[in-house]
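The block underneath contains the structure these notes are about, expressed in structure tokens.
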Amino acid sequence: MCDHLHDSTSRYDAAEKVMTLLLVCPTCGIERVVETLDYEPRPVWTSAGAAPSQLAVLPVESSIPPEMTLAEWQHRKLAA
Ligand SMILES: [Zn+2]
């Protein structure tokens with residue numbers, strides 16, 4: 001890769017469900033892949049560093065009986 005200043009960018013391939021992180025040289029037009037992540041457009045990241053913790057612990061809504069609050073559900077899950 002050249003010695004120019006590079007921009008970081010990302011590209012999402014919806015067909016492959018892959019997020020690609022790139023470094024791009026605006027002078028040369030060269031792209032270098034930094035990282036690829038399997039990614040689907042829902043709040044679940046395969047990369048632990050990118051996952052907001054409040055999203056990671058949310059249960060699937062349909063698994064909660066309607067009469068039970070979220071706090072109760074979490075309490076039962078922890079106690080089980
Ligand atoms: Zn360059």
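As shown in the structure tokens, the chain order sets the letters A, B, ...; within each chain, residues go from 1, and ligands are also counted from 1 in the order they appear.
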**Within 6 Å of ligand 1 (only C-alpha atoms and all ligand atoms), residues as a PyMOL selection string** = chain A and resi 2+4+25+27-28
**Request:** Excluding region 6-9 of chain A and residues on its chain fewer than 4 positions from it, collect all residues at most 10 Å away from it, counting only C-alpha atoms, and give them as JSON, numbers by chain.
**Result:** {"A": [1, 2, 20, 21, 22, 23, 24, 25, 26, 27, 28, 29, 30, 31, 32, 33, 34]}
Restricted to N, CA and C atoms, what would the selected residues look like written as a PDB file, in the first residue's frame?
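Saved result, again09.pdb, follows:
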```pdb
ATOM      1  N   MET A   1       0.851  -1.200   0.000  1.00  0.00           N
ATOM      2  CA  MET A   1       0.000   0.000   0.000  1.00  0.00           C
ATOM      3  C   MET A   1       0.881   1.243   0.000  1.00  0.00           C
ATOM      4  N   CYS A   2       0.372   2.313  -0.538  1.00  0.00           N
ATOM      5  CA  CYS A   2       1.125   3.550  -0.703  1.00  0.00           C
ATOM      6  C   CYS A   2       1.255   4.301   0.625  1.00  0.00           C
ATOM      7  N   THR A  20     -17.875  -5.203   5.263  1.00  0.00           N
ATOM      8  CA  THR A  20     -16.443  -5.115   4.991  1.00  0.00           C
ATOM      9  C   THR A  20     -15.941  -3.749   5.420  1.00  0.00           C
ATOM     10  N   LEU A  21     -14.903  -3.745   6.247  1.00  0.00           N
ATOM     11  CA  LEU A  21     -14.255  -2.503   6.657  1.00  0.00           C
ATOM     12  C   LEU A  21     -13.020  -2.309   5.794  1.00  0.00           C
ATOM     13  N   LEU A  22     -12.889  -1.121   5.218  1.00  0.00           N
ATOM     14  CA  LEU A  22     -11.849  -0.867   4.232  1.00  0.00           C
ATOM     15  C   LEU A  22     -11.032   0.363   4.588  1.00  0.00           C
ATOM     16  N   LEU A  23      -9.787   0.361   4.129  1.00  0.00           N
ATOM     17  CA  LEU A  23      -9.000   1.585   4.066  1.00  0.00           C
ATOM     18  C   LEU A  23      -8.895   1.959   2.592  1.00  0.00           C
ATOM     19  N   VAL A  24      -9.210   3.198   2.265  1.00  0.00           N
ATOM     20  CA  VAL A  24      -9.220   3.637   0.874  1.00  0.00           C
ATOM     21  C   VAL A  24      -8.236   4.784   0.717  1.00  0.00           C
ATOM     22  N   CYS A  25      -7.397   4.703  -0.317  1.00  0.00           N
ATOM     23  CA  CYS A  25      -6.528   5.817  -0.659  1.00  0.00           C
ATOM     24  C   CYS A  25      -7.238   6.673  -1.695  1.00  0.00           C
ATOM     25  N   PRO A  26      -7.627   7.902  -1.333  1.00  0.00           N
ATOM     26  CA  PRO A  26      -8.349   8.748  -2.288  1.00  0.00           C
ATOM     27  C   PRO A  26      -7.471   9.177  -3.460  1.00  0.00           C
ATOM     28  N   THR A  27      -6.171   9.118  -3.285  1.00  0.00           N
ATOM     29  CA  THR A  27      -5.249   9.517  -4.352  1.00  0.00           C
ATOM     30  C   THR A  27      -5.104   8.421  -5.398  1.00  0.00           C
ATOM     31  N   CYS A  28      -4.872   7.212  -4.931  1.00  0.00           N
ATOM     32  CA  CYS A  28      -4.651   6.088  -5.848  1.00  0.00           C
ATOM     33  C   CYS A  28      -5.934   5.329  -6.163  1.00  0.00           C
ATOM     34  N   GLY A  29      -6.942   5.454  -5.306  1.00  0.00           N
ATOM     35  CA  GLY A  29      -8.146   4.669  -5.488  1.00  0.00           C
ATOM     36  C   GLY A  29      -7.984   3.228  -5.049  1.00  0.00           C
ATOM     37  N   ILE A  30      -6.918   2.969  -4.296  1.00  0.00           N
ATOM     38  CA  ILE A  30      -6.666   1.609  -3.824  1.00  0.00           C
ATOM     39  C   ILE A  30      -7.487   1.343  -2.574  1.00  0.00           C
ATOM     40  N   GLU A  31      -8.088   0.166  -2.529  1.00  0.00           N
ATOM     41  CA  GLU A  31      -8.826  -0.233  -1.344  1.00  0.00           C
ATOM     42  C   GLU A  31      -8.124  -1.420  -0.705  1.00  0.00           C
ATOM     43  N   ARG A  32      -8.045  -1.390   0.602  1.00  0.00           N
ATOM     44  CA  ARG A  32      -7.484  -2.526   1.315  1.00  0.00           C
ATOM     45  C   ARG A  32      -8.487  -2.988   2.356  1.00  0.00           C
ATOM     46  N   VAL A  33      -8.821  -4.260   2.353  1.00  0.00           N
ATOM     47  CA  VAL A  33      -9.772  -4.803   3.318  1.00  0.00           C
ATOM     48  C   VAL A  33      -9.092  -4.931   4.678  1.00  0.00           C
ATOM     49  N   VAL A  34      -9.692  -4.307   5.675  1.00  0.00           N
ATOM     50  CA  VAL A  34      -9.169  -4.389   7.036  1.00  0.00           C
ATOM     51  C   VAL A  34      -9.798  -5.569   7.763  1.00  0.00           C
TER      52      VAL A  34
END
```
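Straight-line separation from CA of Asp3 (chain A) to CA of Thr36 (chain A): 23.2 Å.
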**Request:** Go ahead and compute the interatomic distance for CA of Asp13 (chain A) and CA of Glu35 (chain A), in Å to one decimal.
**Result:** 13.4 Å
**Request:** Determine, counting only C-alpha atoms, which protein, DNA and RNA residues have an atom within 10 Å of an atom of Glu16 (chain A); residues of the same chain fewer than 2 positions away are not included. Present the result as a VMD selection string.
**Result:** chain A and resid 12 to 14 18 to 19 38 to 40
